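**Q** The structure that follows is given in the form of C-alpha cells.
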Amino acid sequence: MSAAWPGKPPRQRPQAAADIAAIADHLNATAGAAVALRFIDAVEAAYALLSTHPACGSPRHAHVMPELPAPLRFHPVKTFERILVYYMESPDAVEILRIWDAARGLEALLEDASE
C-alpha cells in the first residue's frame, strides 16, 4: 500500500491482506500475471478513493454486522466489479475488513467471518 494517502489512510486488516493474496494467486493461475497485477493496482485505486471519500461505499450490508463501531460498507473494485472492498470508517482511518468475491455470496462471507 502507498505510504501517503490524500485523506484518511486505509488500515488493512490481516484477513483483507490474505484475501488480496488469494484472489491475486487465483487470477495469476487462471488469467495470467498481467491480470493479477491489474487487480492489485485496482485495489490500491479503490483504497485511494475510499481514503478521500469514505462514505461513497454502500451501507446495504451494515445489518449483518451490527456489532461494529461504525456501519459496514462495501465498494466494488473497478474493472473487477464482483470483488468488493468491505470496510468501515473510523475517526482516523478507513478500516479495510475484507476483500470479497460477491459471487461467493454474503452468507459465505458471514460463515467465513465466524470461523
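Residues in the C-alpha cells are numbered from 1 in each chain, the chains being A, B, ... in the order shown, and ligands are numbered from 1 in the order shown.
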Can you list every residue in segment 42-88 of chain A that DSSP puts in helix (DSSP H, G or I), as a list in words?

**A**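 Going through segment 42-88 of chain A, the helix (DSSP H, G or I) residues come out as Ala42, Val43, Glu44, Ala45, Ala46, Tyr47, Ala48, Leu49, Leu50, Ser51, Thr52, Pro54, Ala55, Cys56, Ala62, His63 and Val64 of chain A.
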
**Q** How would the residues just picked look written out with N, CA and C atoms as a PDB file, in the first residue's frame?

**A**
```pdb
ATOM      1  N   ALA A  42      -5.864  -2.064  -9.064  1.00  0.00           N
ATOM      2  CA  ALA A  42      -7.259  -1.636  -8.905  1.00  0.00           C
ATOM      3  C   ALA A  42      -7.656  -1.578  -7.433  1.00  0.00           C
ATOM      4  N   VAL A  43      -7.150  -2.498  -6.625  1.00  0.00           N
ATOM      5  CA  VAL A  43      -7.427  -2.456  -5.181  1.00  0.00           C
ATOM      6  C   VAL A  43      -6.799  -1.199  -4.583  1.00  0.00           C
ATOM      7  N   GLU A  44      -5.571  -0.884  -4.968  1.00  0.00           N
ATOM      8  CA  GLU A  44      -4.931   0.345  -4.471  1.00  0.00           C
ATOM      9  C   GLU A  44      -5.728   1.578  -4.881  1.00  0.00           C
ATOM     10  N   ALA A  45      -6.260   1.589  -6.104  1.00  0.00           N
ATOM     11  CA  ALA A  45      -7.078   2.715  -6.566  1.00  0.00           C
ATOM     12  C   ALA A  45      -8.357   2.817  -5.738  1.00  0.00           C
ATOM     13  N   ALA A  46      -8.948   1.678  -5.403  1.00  0.00           N
ATOM     14  CA  ALA A  46     -10.148   1.685  -4.554  1.00  0.00           C
ATOM     15  C   ALA A  46      -9.813   2.231  -3.171  1.00  0.00           C
ATOM     16  N   TYR A  47      -8.684   1.845  -2.627  1.00  0.00           N
ATOM     17  CA  TYR A  47      -8.254   2.356  -1.320  1.00  0.00           C
ATOM     18  C   TYR A  47      -8.076   3.870  -1.377  1.00  0.00           C
ATOM     19  N   ALA A  48      -7.479   4.383  -2.463  1.00  0.00           N
ATOM     20  CA  ALA A  48      -7.285   5.823  -2.608  1.00  0.00           C
ATOM     21  C   ALA A  48      -8.626   6.547  -2.656  1.00  0.00           C
ATOM     22  N   LEU A  49      -9.588   5.993  -3.380  1.00  0.00           N
ATOM     23  CA  LEU A  49     -10.924   6.590  -3.436  1.00  0.00           C
ATOM     24  C   LEU A  49     -11.568   6.598  -2.053  1.00  0.00           C
ATOM     25  N   LEU A  50     -11.501   5.479  -1.359  1.00  0.00           N
ATOM     26  CA  LEU A  50     -12.099   5.388  -0.032  1.00  0.00           C
ATOM     27  C   LEU A  50     -11.390   6.300   0.965  1.00  0.00           C
ATOM     28  N   SER A  51     -10.107   6.531   0.747  1.00  0.00           N
ATOM     29  CA  SER A  51      -9.351   7.431   1.616  1.00  0.00           C
ATOM     30  C   SER A  51      -9.925   8.844   1.575  1.00  0.00           C
ATOM     31  N   THR A  52     -10.285   9.293   0.391  1.00  0.00           N
ATOM     32  CA  THR A  52     -10.802  10.662   0.242  1.00  0.00           C
ATOM     33  C   THR A  52     -12.317  10.750   0.337  1.00  0.00           C
ATOM     34  N   PRO A  54     -14.733   8.305   2.135  1.00  0.00           N
ATOM     35  CA  PRO A  54     -15.079   7.082   2.858  1.00  0.00           C
ATOM     36  C   PRO A  54     -16.571   6.757   2.888  1.00  0.00           C
ATOM     37  N   ALA A  55     -17.427   7.732   2.660  1.00  0.00           N
ATOM     38  CA  ALA A  55     -18.870   7.470   2.680  1.00  0.00           C
ATOM     39  C   ALA A  55     -19.407   7.023   1.325  1.00  0.00           C
ATOM     40  N   CYS A  56     -18.532   6.868   0.321  1.00  0.00           N
ATOM     41  CA  CYS A  56     -19.030   6.535  -1.017  1.00  0.00           C
ATOM     42  C   CYS A  56     -19.487   5.083  -1.141  1.00  0.00           C
ATOM     43  N   ALA A  62     -24.817  -3.339   6.211  1.00  0.00           N
ATOM     44  CA  ALA A  62     -24.467  -2.952   7.588  1.00  0.00           C
ATOM     45  C   ALA A  62     -25.209  -3.786   8.623  1.00  0.00           C
ATOM     46  N   HIS A  63     -26.404  -4.232   8.295  1.00  0.00           N
ATOM     47  CA  HIS A  63     -27.212  -5.001   9.254  1.00  0.00           C
ATOM     48  C   HIS A  63     -26.611  -6.364   9.598  1.00  0.00           C
ATOM     49  N   VAL A  64     -25.711  -6.868   8.761  1.00  0.00           N
ATOM     50  CA  VAL A  64     -25.153  -8.200   9.024  1.00  0.00           C
ATOM     51  C   VAL A  64     -24.072  -8.183  10.101  1.00  0.00           C
TER      52      VAL A  64
END
```

**Q** Find the residues of segment 33-115 of chain A that sit at most 7 Å from segment 15-20 of chain A; for each, write down the nearest two atoms and how far apart they are in Å, to one decimal. Count only C-alpha atoms. Sort by chain, then by number going up, and give it as JSON lines.

**A**
```
{"residue": "A:Ile96", "atom": "CA", "partner": "A:Ala16", "partner_atom": "CA", "distance": 6.6}
{"residue": "A:Leu97", "atom": "CA", "partner": "A:Ala16", "partner_atom": "CA", "distance": 5.6}
{"residue": "A:Arg98", "atom": "CA", "partner": "A:Ala16", "partner_atom": "CA", "distance": 4.3}
{"residue": "A:Ile99", "atom": "CA", "partner": "A:Ala16", "partner_atom": "CA", "distance": 5.4}
```

**Q** Could you tell me, as a PyMOL selection string, which residues of chain A DSSP assigns to strand (DSSP E or B) when given the backbone?

**A** chain A and resi 10-12+58+73-77+80-89+94-101

**Q** Keeping only N, CA and C atoms, write the selected residues as an mmCIF file, in the first residue's frame.

**A**
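Generated output (again.cif):
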```cif
data_model
loop_
_atom_site.group_PDB
_atom_site.id
_atom_site.type_symbol
_atom_site.label_atom_id
_atom_site.label_comp_id
_atom_site.auth_asym_id
_atom_site.auth_seq_id
_atom_site.Cartn_x
_atom_site.Cartn_y
_atom_site.Cartn_z
ATOM 1 N N PRO A 10 -6.008 4.074 4.634
ATOM 2 C CA PRO A 10 -6.628 2.760 4.787
ATOM 3 C C PRO A 10 -5.788 1.911 5.738
ATOM 4 N N ARG A 11 -6.457 1.256 6.655
ATOM 5 C CA ARG A 11 -5.793 0.351 7.597
ATOM 6 C C ARG A 11 -6.307 -1.046 7.267
ATOM 7 N N GLN A 12 -5.464 -1.830 6.633
ATOM 8 C CA GLN A 12 -5.860 -3.139 6.135
ATOM 9 C C GLN A 12 -5.705 -4.196 7.217
ATOM 10 N N SER A 58 -21.511 1.562 -0.233
ATOM 11 C CA SER A 58 -22.881 1.258 0.165
ATOM 12 C C SER A 58 -22.933 0.653 1.569
ATOM 13 N N ARG A 73 -19.568 -1.008 5.253
ATOM 14 C CA ARG A 73 -19.809 -0.523 3.896
ATOM 15 C C ARG A 73 -19.046 -1.403 2.917
ATOM 16 N N PHE A 74 -19.441 -1.343 1.651
ATOM 17 C CA PHE A 74 -18.670 -2.021 0.621
ATOM 18 C C PHE A 74 -18.606 -1.163 -0.622
ATOM 19 N N HIS A 75 -17.552 -1.400 -1.389
ATOM 20 C CA HIS A 75 -17.348 -0.684 -2.643
ATOM 21 C C HIS A 75 -16.704 -1.658 -3.630
ATOM 22 N N PRO A 76 -17.188 -1.688 -4.884
ATOM 23 C CA PRO A 76 -16.577 -2.598 -5.865
ATOM 24 C C PRO A 76 -15.196 -2.111 -6.304
ATOM 25 N N VAL A 77 -14.371 -3.060 -6.681
ATOM 26 C CA VAL A 77 -13.052 -2.768 -7.227
ATOM 27 C C VAL A 77 -13.235 -2.555 -8.734
ATOM 28 N N PHE A 80 -13.078 -5.013 -11.730
ATOM 29 C CA PHE A 80 -13.263 -6.313 -11.074
ATOM 30 C C PHE A 80 -14.514 -6.183 -10.198
ATOM 31 N N GLU A 81 -15.625 -5.759 -10.790
ATOM 32 C CA GLU A 81 -16.808 -5.348 -10.036
ATOM 33 C C GLU A 81 -17.391 -6.424 -9.123
ATOM 34 N N ARG A 82 -17.085 -7.692 -9.389
ATOM 35 C CA ARG A 82 -17.532 -8.754 -8.475
ATOM 36 C C ARG A 82 -16.777 -8.726 -7.162
ATOM 37 N N ILE A 83 -15.608 -8.112 -7.167
ATOM 38 C CA ILE A 83 -14.769 -8.051 -5.974
ATOM 39 C C ILE A 83 -15.139 -6.797 -5.182
ATOM 40 N N LEU A 84 -15.496 -6.989 -3.930
ATOM 41 C CA LEU A 84 -15.957 -5.902 -3.077
ATOM 42 C C LEU A 84 -14.978 -5.665 -1.936
ATOM 43 N N VAL A 85 -14.719 -4.395 -1.673
ATOM 44 C CA VAL A 85 -13.930 -3.997 -0.506
ATOM 45 C C VAL A 85 -14.922 -3.743 0.619
ATOM 46 N N TYR A 86 -14.879 -4.550 1.668
ATOM 47 C CA TYR A 86 -15.722 -4.340 2.846
ATOM 48 C C TYR A 86 -14.899 -3.549 3.859
ATOM 49 N N TYR A 87 -15.471 -2.463 4.365
ATOM 50 C CA TYR A 87 -14.727 -1.571 5.247
ATOM 51 C C TYR A 87 -15.678 -0.823 6.177
ATOM 52 N N MET A 88 -15.073 -0.141 7.131
ATOM 53 C CA MET A 88 -15.819 0.795 7.983
ATOM 54 C C MET A 88 -14.925 2.003 8.205
ATOM 55 N N GLU A 89 -15.557 3.135 8.410
ATOM 56 C CA GLU A 89 -14.814 4.366 8.654
ATOM 57 C C GLU A 89 -14.624 4.538 10.154
ATOM 58 N N VAL A 94 -9.646 4.429 7.419
ATOM 59 C CA VAL A 94 -10.649 3.583 6.780
ATOM 60 C C VAL A 94 -10.189 2.156 7.047
ATOM 61 N N GLU A 95 -10.953 1.440 7.850
ATOM 62 C CA GLU A 95 -10.590 0.074 8.247
ATOM 63 C C GLU A 95 -11.050 -0.906 7.167
ATOM 64 N N ILE A 96 -10.100 -1.508 6.465
ATOM 65 C CA ILE A 96 -10.403 -2.468 5.411
ATOM 66 C C ILE A 96 -10.527 -3.843 6.073
ATOM 67 N N LEU A 97 -11.744 -4.385 6.066
ATOM 68 C CA LEU A 97 -12.001 -5.638 6.773
ATOM 69 C C LEU A 97 -11.811 -6.861 5.888
ATOM 70 N N ARG A 98 -12.384 -6.830 4.686
ATOM 71 C CA ARG A 98 -12.310 -7.982 3.781
ATOM 72 C C ARG A 98 -12.302 -7.495 2.342
ATOM 73 N N ILE A 99 -11.770 -8.327 1.463
ATOM 74 C CA ILE A 99 -11.878 -8.160 0.018
ATOM 75 C C ILE A 99 -12.581 -9.439 -0.433
ATOM 76 N N TRP A 100 -13.790 -9.297 -0.955
ATOM 77 C CA TRP A 100 -14.654 -10.463 -1.123
ATOM 78 C C TRP A 100 -15.214 -10.567 -2.524
ATOM 79 N N ASP A 101 -15.232 -11.772 -3.073
ATOM 80 C CA ASP A 101 -15.861 -12.037 -4.366
ATOM 81 C C ASP A 101 -17.356 -12.195 -4.130
#
```

**Q** Between A:Arg60, A:Leu68, A:Arg13, A:Ile40, single out the one closest to Asp25 of chain A, counting only C-alpha atoms.

**A**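 Among the listed residues, A:Ile40 lies closest to Asp25 of chain A.
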
**Q** Which residue is closest to Leu110 of chain A? Choose from A:His61, A:Asn28, A:Ser90, A:Arg38 and count only C-alpha atoms.

**A**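 Among the listed residues, A:His61 lies closest to Leu110 of chain A.
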
**Q** Please indicate the distance in Å from atom CA of Asp92 of chain A to atom CA of Lys8 of chain A, rounded to one decimal place.

**A**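 According to the coordinates, atom CA of Asp92 of chain A and atom CA of Lys8 of chain A are separated by 6.1 Å.
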
**Q** Quick one: pull the distance between atom CA of Ala103 of chain A and atom CA of Pro9 of chain A, Å, one decimal.

**A**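 The value is 28.1 Å.
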